[in-house]
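S.K.: My structure is in data_18.txt, and what it holds is compact mmCIF, C-alpha atoms:
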```
# COMPACT_ATOMS: atom_id res chain seq x y z
CA MET X 1 -31.95 27.77 13.45
CA THR X 2 -34.40 25.00 12.56
CA ALA X 3 -35.89 22.55 15.05
CA ASN X 4 -33.84 19.81 13.47
CA GLU X 5 -30.62 21.74 14.06
CA GLY X 6 -31.73 22.38 17.65
CA TRP X 7 -32.20 18.67 18.28
CA MET X 8 -28.88 17.87 16.69
CA ILE X 9 -26.99 20.36 18.87
CA ALA X 10 -28.86 19.34 22.03
CA GLY X 11 -28.08 15.69 21.30
CA MET X 12 -24.42 16.34 20.53
CA MET X 13 -24.09 18.44 23.67
CA ALA X 14 -25.75 15.78 25.81
CA VAL X 15 -23.52 12.95 24.64
CA THR X 16 -20.31 15.01 24.68
CA PHE X 17 -20.88 16.44 28.13
CA GLY X 18 -22.17 13.07 29.33
CA ILE X 19 -18.95 11.36 28.30
CA ARG X 20 -16.77 14.05 29.85
CA PHE X 21 -18.74 14.27 33.10
CA PHE X 22 -19.75 10.65 33.73
CA LEU X 23 -16.68 9.62 35.74
CA PHE X 24 -16.38 13.01 37.45
CA ALA X 25 -19.97 12.73 38.63
CA LEU X 26 -19.29 9.35 40.21
CA ALA X 27 -15.88 10.37 41.51
CA ASP X 28 -16.73 9.84 45.18
CA ARG X 29 -17.99 6.34 44.57
CA ILE X 30 -15.24 5.09 42.29
CA ARG X 31 -12.30 3.29 43.84
CA MET X 32 -9.68 2.40 41.29
CA ALA X 33 -7.59 -0.71 41.60
CA PRO X 34 -3.90 0.24 41.89
CA TRP X 35 -3.04 -1.31 38.54
CA ILE X 36 -5.73 0.77 36.84
CA GLU X 37 -4.43 3.90 38.50
CA GLY X 38 -0.95 2.90 37.32
CA SER X 39 -2.19 2.56 33.75
CA LEU X 40 -3.66 6.08 33.60
CA LYS X 41 -0.34 7.66 32.71
CA PHE X 42 -0.35 5.79 29.40
CA ILE X 43 -3.67 7.29 28.32
CA PRO X 44 -2.56 10.71 27.04
CA PRO X 45 0.29 9.57 24.79
CA ALA X 46 -1.73 6.56 23.58
CA VAL X 47 -4.83 8.54 22.55
CA LEU X 48 -2.90 11.45 21.05
CA THR X 49 -0.71 9.10 18.99
CA ALA X 50 -3.72 7.13 17.74
CA ILE X 51 -5.26 10.39 16.49
CA THR X 52 -2.07 11.80 15.00
CA LEU X 53 -0.41 8.99 13.05
CA PRO X 54 -3.29 8.30 10.63
CA ALA X 55 -3.67 12.07 10.05
CA VAL X 56 -0.03 12.17 8.96
CA LEU X 57 0.20 8.99 6.90
CA LEU X 58 -3.29 9.18 5.34
CA PRO X 59 -3.93 12.93 5.21
CA GLN X 60 -6.72 12.69 2.64
CA GLY X 61 -7.91 9.27 3.65
CA ASP X 62 -5.50 7.24 1.51
CA TRP X 63 -1.95 6.08 2.18
CA GLN X 64 0.84 8.52 1.36
CA VAL X 65 4.03 7.10 2.79
CA SER X 66 6.65 9.09 0.91
CA LEU X 67 8.54 12.32 1.21
CA THR X 68 6.20 13.86 -1.37
CA ASN X 69 3.60 13.91 1.41
CA PRO X 70 3.95 17.37 3.03
CA TYR X 71 2.06 16.19 6.14
CA LEU X 72 4.70 13.51 6.71
CA VAL X 73 7.59 15.92 6.07
CA SER X 74 6.03 18.37 8.50
CA ALA X 75 5.50 15.66 11.12
CA ILE X 76 9.14 14.55 10.87
CA ALA X 77 10.29 18.17 11.24
CA ALA X 78 7.99 18.70 14.22
CA THR X 79 9.17 15.48 15.90
CA ALA X 80 12.82 16.44 15.45
CA ALA X 81 12.13 19.97 16.69
CA GLY X 82 10.19 18.65 19.66
CA ILE X 83 12.93 16.28 20.73
CA LEU X 84 15.68 18.87 20.28
CA THR X 85 13.99 21.99 21.66
CA ARG X 86 11.54 20.47 24.18
CA ASN X 87 9.48 23.57 23.48
CA LEU X 88 5.86 23.29 22.36
CA LEU X 89 5.68 26.61 20.55
CA ALA X 90 8.93 25.94 18.66
CA THR X 91 7.70 22.46 17.74
CA ILE X 92 4.48 23.80 16.24
CA ALA X 93 6.19 26.72 14.51
CA ILE X 94 8.87 24.52 12.91
CA GLY X 95 6.32 21.88 11.89
CA LEU X 96 4.13 24.49 10.21
CA ALA X 97 7.13 26.22 8.61
CA ALA X 98 8.26 22.89 7.17
CA PHE X 99 4.79 22.25 5.73
CA PHE X 100 4.30 25.58 4.07
CA GLY X 101 7.96 25.89 3.07
CA TYR X 102 7.73 22.49 1.39
CA ARG X 103 4.48 23.33 -0.38
CA PHE X 104 5.67 26.74 -1.48
CA PHE X 105 9.11 25.86 -2.76
CA LEU X 106 8.59 22.35 -4.13
CA MET Y 1 -9.39 25.31 49.58
CA ASN Y 2 -8.05 27.94 51.88
CA GLN Y 3 -5.32 28.99 49.53
CA PRO Y 4 -4.81 32.72 49.15
CA GLU Y 5 -6.48 34.25 46.16
CA SER Y 6 -3.15 35.26 44.69
CA SER Y 7 -2.04 31.67 44.18
CA GLN Y 8 -5.39 30.82 42.60
CA ARG Y 9 -4.92 33.68 40.18
CA GLN Y 10 -1.36 32.59 39.54
CA GLU Y 11 -2.43 29.02 38.71
CA PHE Y 12 -5.21 30.34 36.49
CA LEU Y 13 -2.83 32.59 34.58
CA SER Y 14 -0.13 29.99 34.14
CA GLY Y 15 -2.76 27.52 32.89
CA ALA Y 16 -3.82 30.05 30.28
CA ARG Y 17 -0.21 30.90 29.42
CA ASP Y 18 0.90 27.28 29.03
CA THR Y 19 -2.04 26.71 26.68
CA PHE Y 20 -0.98 29.55 24.40
CA PRO Y 21 0.93 27.41 21.84
CA LEU Y 22 -2.12 25.14 21.57
CA LEU Y 23 -4.32 28.15 20.90
CA LEU Y 24 -2.23 28.78 17.80
CA GLY Y 25 -2.64 25.14 16.82
CA ALA Y 26 -6.42 25.40 17.18
CA LEU Y 27 -6.61 28.64 15.19
CA PRO Y 28 -6.65 27.16 11.67
CA PHE Y 29 -9.02 24.48 12.89
CA GLY Y 30 -11.56 26.97 14.11
CA LEU Y 31 -11.25 28.93 10.88
CA ILE Y 32 -11.74 25.86 8.72
CA TYR Y 33 -14.65 24.66 10.85
CA GLY Y 34 -16.34 28.02 10.36
CA ALA Y 35 -15.63 28.07 6.66
CA VAL Y 36 -16.85 24.51 6.13
CA ALA Y 37 -19.93 25.06 8.30
CA ALA Y 38 -20.80 28.16 6.29
CA THR Y 39 -20.99 26.09 3.11
CA SER Y 40 -22.53 22.93 4.59
CA GLY Y 41 -26.10 24.11 4.76
CA LEU Y 42 -25.94 24.53 8.54
CA SER Y 43 -27.41 27.88 9.60
CA MET Y 44 -25.10 30.48 11.12
CA PRO Y 45 -26.79 30.42 14.58
CA ALA Y 46 -26.59 26.62 14.62
CA ALA Y 47 -22.91 26.64 13.71
CA VAL Y 48 -22.17 29.17 16.46
CA ALA Y 49 -24.31 27.23 18.96
CA MET Y 50 -22.47 24.03 18.13
CA SER Y 51 -19.12 25.61 18.99
CA ALA Y 52 -20.55 27.18 22.13
CA PHE Y 53 -22.44 24.18 23.53
CA VAL Y 54 -20.74 21.08 22.14
CA PHE Y 55 -17.17 22.41 22.10
CA ALA Y 56 -15.45 19.39 20.63
CA GLY Y 57 -13.43 20.13 17.50
CA ALA Y 58 -13.19 16.72 15.88
CA SER Y 59 -16.85 15.86 16.27
CA GLN Y 60 -17.94 19.32 15.12
CA PHE Y 61 -16.04 18.77 11.89
CA ILE Y 62 -17.57 15.38 11.35
CA ALA Y 63 -21.04 16.67 12.19
CA VAL Y 64 -20.76 19.48 9.65
CA GLY Y 65 -19.67 16.97 7.03
CA LEU Y 66 -22.63 14.76 7.89
CA VAL Y 67 -25.02 17.72 7.73
CA ALA Y 68 -23.76 18.49 4.25
CA ALA Y 69 -24.47 14.85 3.34
CA GLN Y 70 -27.99 15.21 4.83
CA THR Y 71 -27.46 12.55 7.48
CA PRO Y 72 -30.27 11.94 10.02
CA VAL Y 73 -29.82 13.63 13.41
CA ALA Y 74 -29.72 10.34 15.31
CA ILE Y 75 -26.71 9.16 13.28
CA ILE Y 76 -24.92 12.48 13.84
CA VAL Y 77 -25.46 12.23 17.60
CA LEU Y 78 -24.32 8.59 17.65
CA THR Y 79 -21.21 9.47 15.65
CA THR Y 80 -20.45 12.30 18.07
CA PHE Y 81 -20.75 9.86 20.95
CA ILE Y 82 -18.25 7.43 19.46
CA VAL Y 83 -15.79 10.09 18.29
CA ASN Y 84 -15.76 11.64 21.76
CA LEU Y 85 -15.48 8.39 23.72
CA ARG Y 86 -11.78 9.06 24.15
CA HIS Y 87 -12.72 11.88 26.52
CA MET Y 88 -13.82 9.30 29.04
CA LEU Y 89 -10.22 8.10 29.16
CA TYR Y 90 -9.21 11.69 29.85
CA SER Y 91 -11.63 12.09 32.73
CA ALA Y 92 -10.45 8.75 34.13
CA THR Y 93 -6.90 10.12 34.12
CA LEU Y 94 -7.89 13.32 35.91
CA LEU Y 95 -10.20 11.60 38.36
CA PRO Y 96 -7.66 11.07 41.15
CA TYR Y 97 -6.84 14.79 41.07
CA LEU Y 98 -10.38 16.17 40.88
CA LYS Y 99 -12.37 13.78 43.00
CA ASN Y 100 -12.23 15.98 46.09
CA LEU Y 101 -13.60 19.04 44.32
CA PRO Y 102 -17.27 19.99 44.68
CA GLN Y 103 -19.60 19.34 41.73
CA LYS Y 104 -19.71 23.05 40.91
CA TRP Y 105 -16.08 22.64 39.87
CA ARG Y 106 -16.38 19.25 38.24
CA ILE Y 107 -19.21 20.31 35.92
CA PRO Y 108 -17.44 23.18 34.14
CA LEU Y 109 -14.10 21.35 34.07
CA ALA Y 110 -15.86 18.40 32.42
CA PHE Y 111 -17.65 20.59 29.90
CA TRP Y 112 -14.35 22.23 28.88
CA LEU Y 113 -12.29 19.02 28.77
CA THR Y 114 -10.55 18.97 25.38
CA ASP Y 115 -7.49 17.14 24.06
CA GLU Y 116 -5.43 20.28 24.48
CA THR Y 117 -6.47 21.30 27.98
CA PHE Y 118 -6.12 17.70 29.07
CA ALA Y 119 -2.59 17.34 27.71
CA VAL Y 120 -1.43 20.60 29.32
CA THR Y 121 -3.17 20.08 32.64
CA VAL Y 122 -2.11 16.52 33.27
CA HIS Y 123 1.52 17.68 33.43
CA ARG Y 124 0.57 20.24 36.05
CA PHE Y 125 -1.30 17.69 38.17
CA GLN Y 126 1.57 15.22 37.96
CA LYS Y 127 4.09 17.74 39.27
CA ASN Y 128 4.99 17.11 42.90
CA ASP Y 129 4.32 20.31 44.71
CA SER Y 130 2.06 21.31 47.52
CA SER Y 131 -0.27 23.59 45.55
CA THR Y 132 -3.88 22.81 46.41
CA CYS Y 133 -5.37 24.88 43.63
CA LYS Y 134 -4.13 23.13 40.53
CA HIS Y 135 -7.74 23.00 39.38
CA TRP Y 136 -7.43 26.74 38.83
CA TYR Y 137 -4.68 25.92 36.35
CA GLN Y 138 -7.08 23.66 34.47
CA LEU Y 139 -9.73 26.38 34.59
CA GLY Y 140 -7.28 28.88 33.07
CA SER Y 141 -6.38 26.49 30.28
CA SER Y 142 -10.07 25.64 29.70
CA ILE Y 143 -11.25 29.20 29.39
CA ALA Y 144 -8.34 30.16 27.13
CA MET Y 145 -9.18 27.24 24.81
CA TYR Y 146 -12.89 28.01 24.89
CA LEU Y 147 -12.66 31.71 24.06
CA ASN Y 148 -10.03 31.05 21.40
CA TRP Y 149 -12.19 28.38 19.75
CA GLN Y 150 -15.32 30.59 19.74
CA PHE Y 151 -13.41 33.49 18.23
CA TRP Y 152 -11.80 31.59 15.36
CA CYS Y 153 -14.96 29.61 14.57
CA PHE Y 154 -16.90 32.85 14.38
CA LEU Y 155 -14.30 34.46 12.14
CA GLY Y 156 -14.31 31.38 9.92
CA LEU Y 157 -18.09 31.57 9.65
CA VAL Y 158 -18.04 35.24 8.76
CA LEU Y 159 -15.26 34.85 6.22
CA GLY Y 160 -16.47 31.39 5.22
CA ASN Y 161 -17.78 32.07 1.77
CA ARG Y 162 -15.04 34.55 1.06
CA ILE Y 163 -12.18 32.13 1.66
CA PRO Y 164 -12.04 30.11 -1.52
CA ASP Y 165 -11.37 26.44 -0.91
CA ALA Y 166 -10.19 26.86 2.67
CA GLN Y 167 -9.95 23.10 3.03
CA SER Y 168 -7.41 22.68 0.26
CA TRP Y 169 -4.85 24.99 1.85
CA GLY Y 170 -3.64 22.23 4.09
CA LEU Y 171 -4.23 24.24 7.27
CA ASP Y 172 -5.37 21.00 8.84
CA VAL Y 173 -1.68 20.12 9.22
CA ALA Y 174 -1.82 22.21 12.40
CA MET Y 175 -3.56 19.35 14.19
CA PRO Y 176 -0.92 16.60 13.79
CA VAL Y 177 1.89 19.11 14.37
CA THR Y 178 0.30 20.37 17.59
CA PHE Y 179 -0.41 16.85 18.76
CA ILE Y 180 3.19 15.76 18.11
CA GLY Y 181 4.27 18.63 20.34
CA MET Y 182 1.86 17.40 23.01
CA ILE Y 183 2.98 13.73 22.77
CA ILE Y 184 6.74 14.26 23.08
CA PRO Y 185 6.83 15.46 26.73
CA PHE Y 186 5.07 12.26 27.81
CA VAL Y 187 7.67 9.96 26.25
CA LYS Y 188 10.22 9.91 29.04
CA THR Y 189 10.40 6.20 29.84
CA ILE Y 190 10.69 2.97 27.86
CA PRO Y 191 7.18 1.75 28.80
CA VAL Y 192 5.65 4.99 27.49
CA ALA Y 193 7.69 4.67 24.28
CA VAL Y 194 6.39 1.11 23.87
CA CYS Y 195 2.87 2.40 24.51
CA VAL Y 196 3.21 5.12 21.85
CA LEU Y 197 4.65 2.75 19.24
CA THR Y 198 1.93 0.19 19.88
CA ALA Y 199 -0.89 2.73 19.81
CA GLY Y 200 0.54 4.14 16.57
CA ALA Y 201 0.78 0.74 14.92
CA ALA Y 202 -2.70 -0.19 16.13
CA SER Y 203 -4.14 3.06 14.78
CA LEU Y 204 -2.95 2.04 11.31
CA LEU Y 205 -4.32 -1.48 11.66
CA THR Y 206 -7.76 -0.33 12.81
CA LEU Y 207 -8.38 2.21 10.04
CA ALA Y 208 -11.23 0.13 8.67
CA MET Y 209 -13.24 0.52 11.86
CA PRO Y 210 -16.15 2.95 11.44
CA TYR Y 211 -16.62 6.28 13.26
CA LYS Y 212 -12.97 6.53 14.27
CA LEU Y 213 -13.59 3.77 16.78
CA GLY Y 214 -10.03 2.68 16.01
CA ILE Y 215 -8.75 5.56 18.18
CA VAL Y 216 -10.20 4.08 21.35
CA VAL Y 217 -9.23 0.51 20.43
CA SER Y 218 -5.67 1.62 19.63
CA ALA Y 219 -5.44 3.54 22.87
CA PHE Y 220 -6.29 0.39 24.82
CA ALA Y 221 -3.70 -1.57 22.83
CA GLY Y 222 -1.09 1.07 23.67
CA ILE Y 223 -2.03 1.11 27.35
CA ALA Y 224 -1.83 -2.69 27.56
CA ALA Y 225 1.56 -2.73 25.85
CA GLY Y 226 2.83 0.03 28.13
CA LEU Y 227 1.70 -1.87 31.21
CA MET Y 228 3.39 -5.04 30.01
CA ALA Y 229 6.61 -3.18 29.24
CA GLN Y 230 6.46 -1.68 32.71
CA ARG Y 231 6.09 -5.10 34.32
CA ILE Y 232 9.05 -6.40 32.34
CA THR Y 233 11.36 -3.46 33.10
CA GLU Y 234 10.40 -3.54 36.78
CA ALA Y 235 10.97 -7.29 36.97
CA GLY Y 236 14.37 -6.76 35.28
CA LYS Y 237 15.34 -4.28 37.96
CA GLY Y 238 14.16 -6.61 40.67
CA ALA Y 239 11.75 -3.94 41.91
CA PRO Y 240 8.62 -5.11 43.66
CA GLN Y 241 5.68 -5.44 41.29
CA GLN Y 242 2.56 -3.40 41.91
```
In structure tokens, write the structure found in this file.

M.R.:
Amino acid sequence: MTANEGWMIAGMMAVTFGIRFFLFALADRIRMAPWIEGSLKFIPPAVLTAITLPAVLLPQGDWQVSLTNPYLVSAIAATAAGILTRNLLATIAIGLAAFFGYRFFL
Amino acid sequence: MNQPESSQRQEFLSGARDTFPLLLGALPFGLIYGAVAATSGLSMPAAVAMSAFVFAGASQFIAVGLVAAQTPVAIIVLTTFIVNLRHMLYSATLLPYLKNLPQKWRIPLAFWLTDETFAVTVHRFQKNDSSTCKHWYQLGSSIAMYLNWQFWCFLGLVLGNRIPDAQSWGLDVAMPVTFIGMIIPFVKTIPVAVCVLTAGAASLLTLAMPYKLGIVVSAFAGIAAGLMAQRITEAGKGAPQQ
């Protein structure tokens, strides 16, 4: 490992841990307004959706909004499976099966 | 924290067990990270150290790509910062549940805070039961994710040069599929549905923003829309506003 790599990893670790720990460290001193506390429940679905949708519609960085896009087909299958089964493992398995089935047979 | 040890162990184990599907989702990611790192010019010890000490999938990927493009260290660190900003939203969400724990708990739980562990754990914390050791559940999920990630990254590194074109297999589809599975259980009310639709639309409108900054901006758009929808539905029911 070179010195440069060492600095890079130390820097990445510092900022990543810093972000994750910052609020925890101050936890005793932070008092959240009720409306902020009420908004926290929207964070997980909002962040996860903002990561996921572009990965499905622009899998290689450009728009592919058609059923020839296996990422989109797989996402539709996973969404349907998730709503119907309410089971995380089944959702992932069906989404992956749709992707590789589509790629293999079409 | 005077709970019997058995219930701590039980929480720990169910945290690890409930994370199992997400371990599968992270598997191809770890493999591809390893394979890409092996061909990026990053040394093997550095690639292993990055997984062990940074432990943040998305930013590890981006960093390896930037290393291959011979980007200066300062830019890589800055990019990591911006890509991982979303984790601050996660710790804000968990804050009410963890604020009474000593620092010796908060430090490791912060270090291991990933998208997956967060999504699994938040459901556990939101459940109304009297358990006082739900943090053990988070610990179980964290350690399962951590060991799983190290293992697959290492395997990817070892096999790296032997897997031809690992990136073109489309294994990266595991990420959106896993995330869809994580999103669905949250969408139980109209305000959350509004939040998801808004965040999704915003994520497509903010694609031009650099360093995936659009993720954080879109999240705030979704949160604002969800809050507004909540006000409207509550007002419609005549319920007192918060």

S.K.: Return the single residue from Y:Val73, Y:Ala221, Y:Val194, Y:Ala47 that is closest to Thr206 (chain Y), with distances computed using all atoms listed in the file.

M.R.: Y:Ala221

S.K.: Each residue of chain Y lying at most 7 Å from chain X should get a row with its shortest atom-to-atom pair and the distance in Å to one decimal, counting all atoms listed in the file; could you produce that, ordered by chain and increasing number, as a Markdown table?

M.R.:
```
| residue | atom | partner | partner_atom | distance |
| --- | --- | --- | --- | --- |
| Y:Pro21 | CA | X:Leu89 | CA | 5.0 |
| Y:Ser43 | CA | X:Met1 | CA | 6.0 |
| Y:Pro45 | CA | X:Met1 | CA | 5.9 |
| Y:Ala46 | CA | X:Met1 | CA | 5.6 |
| Y:Met50 | CA | X:Ile9 | CA | 5.9 |
| Y:Phe53 | CA | X:Met13 | CA | 6.0 |
| Y:Val54 | CA | X:Met13 | CA | 4.5 |
| Y:Val73 | CA | X:Met8 | CA | 5.4 |
| Y:Val77 | CA | X:Met12 | CA | 5.2 |
| Y:Thr80 | CA | X:Met12 | CA | 6.2 |
| Y:Phe81 | CA | X:Val15 | CA | 5.6 |
| Y:Asn84 | CA | X:Thr16 | CA | 6.4 |
| Y:Leu85 | CA | X:Ile19 | CA | 6.5 |
| Y:His87 | CA | X:Arg20 | CA | 5.7 |
| Y:Met88 | CA | X:Ile19 | CA | 5.6 |
| Y:Leu89 | CA | X:Ile43 | CA | 6.7 |
| Y:Ser91 | CA | X:Arg20 | CA | 6.2 |
| Y:Ala92 | CA | X:Leu23 | CA | 6.5 |
| Y:Thr93 | CA | X:Leu40 | CA | 5.2 |
| Y:Leu95 | CA | X:Phe24 | CA | 6.4 |
| Y:Lys99 | CA | X:Ala27 | CA | 5.1 |
| Y:Arg106 | CA | X:Phe24 | CA | 6.3 |
| Y:Ile107 | CA | X:Phe21 | CA | 6.7 |
| Y:Ala110 | CA | X:Phe21 | CA | 5.1 |
| Y:Phe111 | CA | X:Phe17 | CA | 5.5 |
| Y:Leu113 | CA | X:Arg20 | CA | 6.8 |
| Y:Ala119 | CA | X:Pro44 | CA | 6.7 |
| Y:Val173 | CA | X:Tyr71 | CA | 6.2 |
| Y:Ala174 | CA | X:Leu96 | CA | 6.7 |
| Y:Pro176 | CA | X:Thr52 | CA | 5.1 |
| Y:Val177 | CA | X:Ile92 | CA | 5.7 |
| Y:Thr178 | CA | X:Ile92 | CA | 5.6 |
| Y:Phe179 | CA | X:Leu48 | CA | 6.4 |
| Y:Ile180 | CA | X:Thr79 | CA | 6.4 |
| Y:Gly181 | CA | X:Leu88 | CA | 5.3 |
| Y:Ile183 | CA | X:Pro45 | CA | 5.3 |
| Y:Ile184 | CA | X:Gly82 | CA | 6.5 |
| Y:Phe186 | CA | X:Pro45 | CA | 6.3 |
| Y:Val192 | CA | X:Phe42 | CA | 6.3 |
| Y:Cys195 | CA | X:Ala46 | CA | 6.3 |
| Y:Val196 | CA | X:Ala46 | CA | 5.4 |
| Y:Ala199 | CA | X:Ala46 | CA | 5.4 |
| Y:Gly200 | CA | X:Ala50 | CA | 5.3 |
| Y:Ser203 | CA | X:Ala50 | CA | 5.1 |
| Y:Leu204 | CA | X:Pro54 | CA | 6.3 |
| Y:Ile215 | CA | X:Ala50 | CA | 5.3 |
| Y:Ser218 | CA | X:Ala50 | CA | 6.1 |
| Y:Ala219 | CA | X:Ala46 | CA | 4.8 |
| Y:Gly222 | CA | X:Ala46 | CA | 5.5 |
| Y:Ile223 | CA | X:Phe42 | CA | 5.4 |
| Y:Gly226 | CA | X:Phe42 | CA | 6.7 |
| Y:Leu227 | CA | X:Ser39 | CA | 6.4 |
| Y:Gln242 | CA | X:Trp35 | CA | 6.9 |
```

S.K.: Quote the spacing between CA of Leu171 (chain Y) and CA of Ala49 (chain Y) in Å to one decimal place.

M.R.: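 Separation between CA of Leu171 (chain Y) and CA of Ala49 (chain Y): 23.4 Å.
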
S.K.: So how many Å separate CA of Trp169 (chain Y) and CA of Phe105 (chain X), to one decimal?

M.R.: 14.7 Å

S.K.: Residues at most 9 Å from Ser51 (chain Y), counting only C-alpha atoms, excluding those fewer than 5 positions away in the same chain, as a PyMOL selection string?

M.R.: chain Y and resi 46+56-57+60+146+149-150+153-154

S.K.: Which one is closest to Ile143 (chain Y): Y:Ser168, Y:Gln70, Y:Gln126, Y:Thr114? Count only C-alpha atoms.

M.R.: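 For Ile143 (chain Y), the nearest of the given residues is Y:Thr114.
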
S.K.: Please, what distance in Å, to one decimal, runs between CA of Ala225 (chain Y) and CA of Leu98 (chain Y)?

M.R.: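 These atoms are spaced 26.9 Å apart.
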
S.K.: Of the residues Y:Leu78, Y:Tyr90, Y:Gln10, Y:His135, which is the one nearest to Pro102 (chain Y), using all atoms listed in the file?

M.R.: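 Between Y:Leu78, Y:Tyr90, Y:Gln10, Y:His135, the residue approaching Pro102 (chain Y) most closely is Y:His135.
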
S.K.: Tell me which protein, DNA and RNA residues are within 8 Å of region 13-17 of chain Y, counting all atoms listed in the file, leaving out same-chain ones fewer than 6 positions away, and put them as a PyMOL selection string.

M.R.: chain Y and resi 120-121+136-144

S.K.: Would you please work out which residue, of X:Asp62, X:Leu84, X:Ala3, X:Leu67, is nearest to Ala208 (chain Y) when using all atoms listed in the file?

M.R.: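 Between X:Asp62, X:Leu84, X:Ala3, X:Leu67, the residue approaching Ala208 (chain Y) most closely is X:Asp62.
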
S.K.: Go ahead and fit an axis-aligned box to every listed atom of region 1-9 of chain X plus 6 Å each side, and pass me the centre and edge lengths in Å, one decimal, as lines of an AutoDock Vina configuration file.

M.R.:
```
center_x = -31.4
center_y = 22.8
center_z = 15.7
size_x = 20.9
size_y = 21.9
size_z = 18.3
```
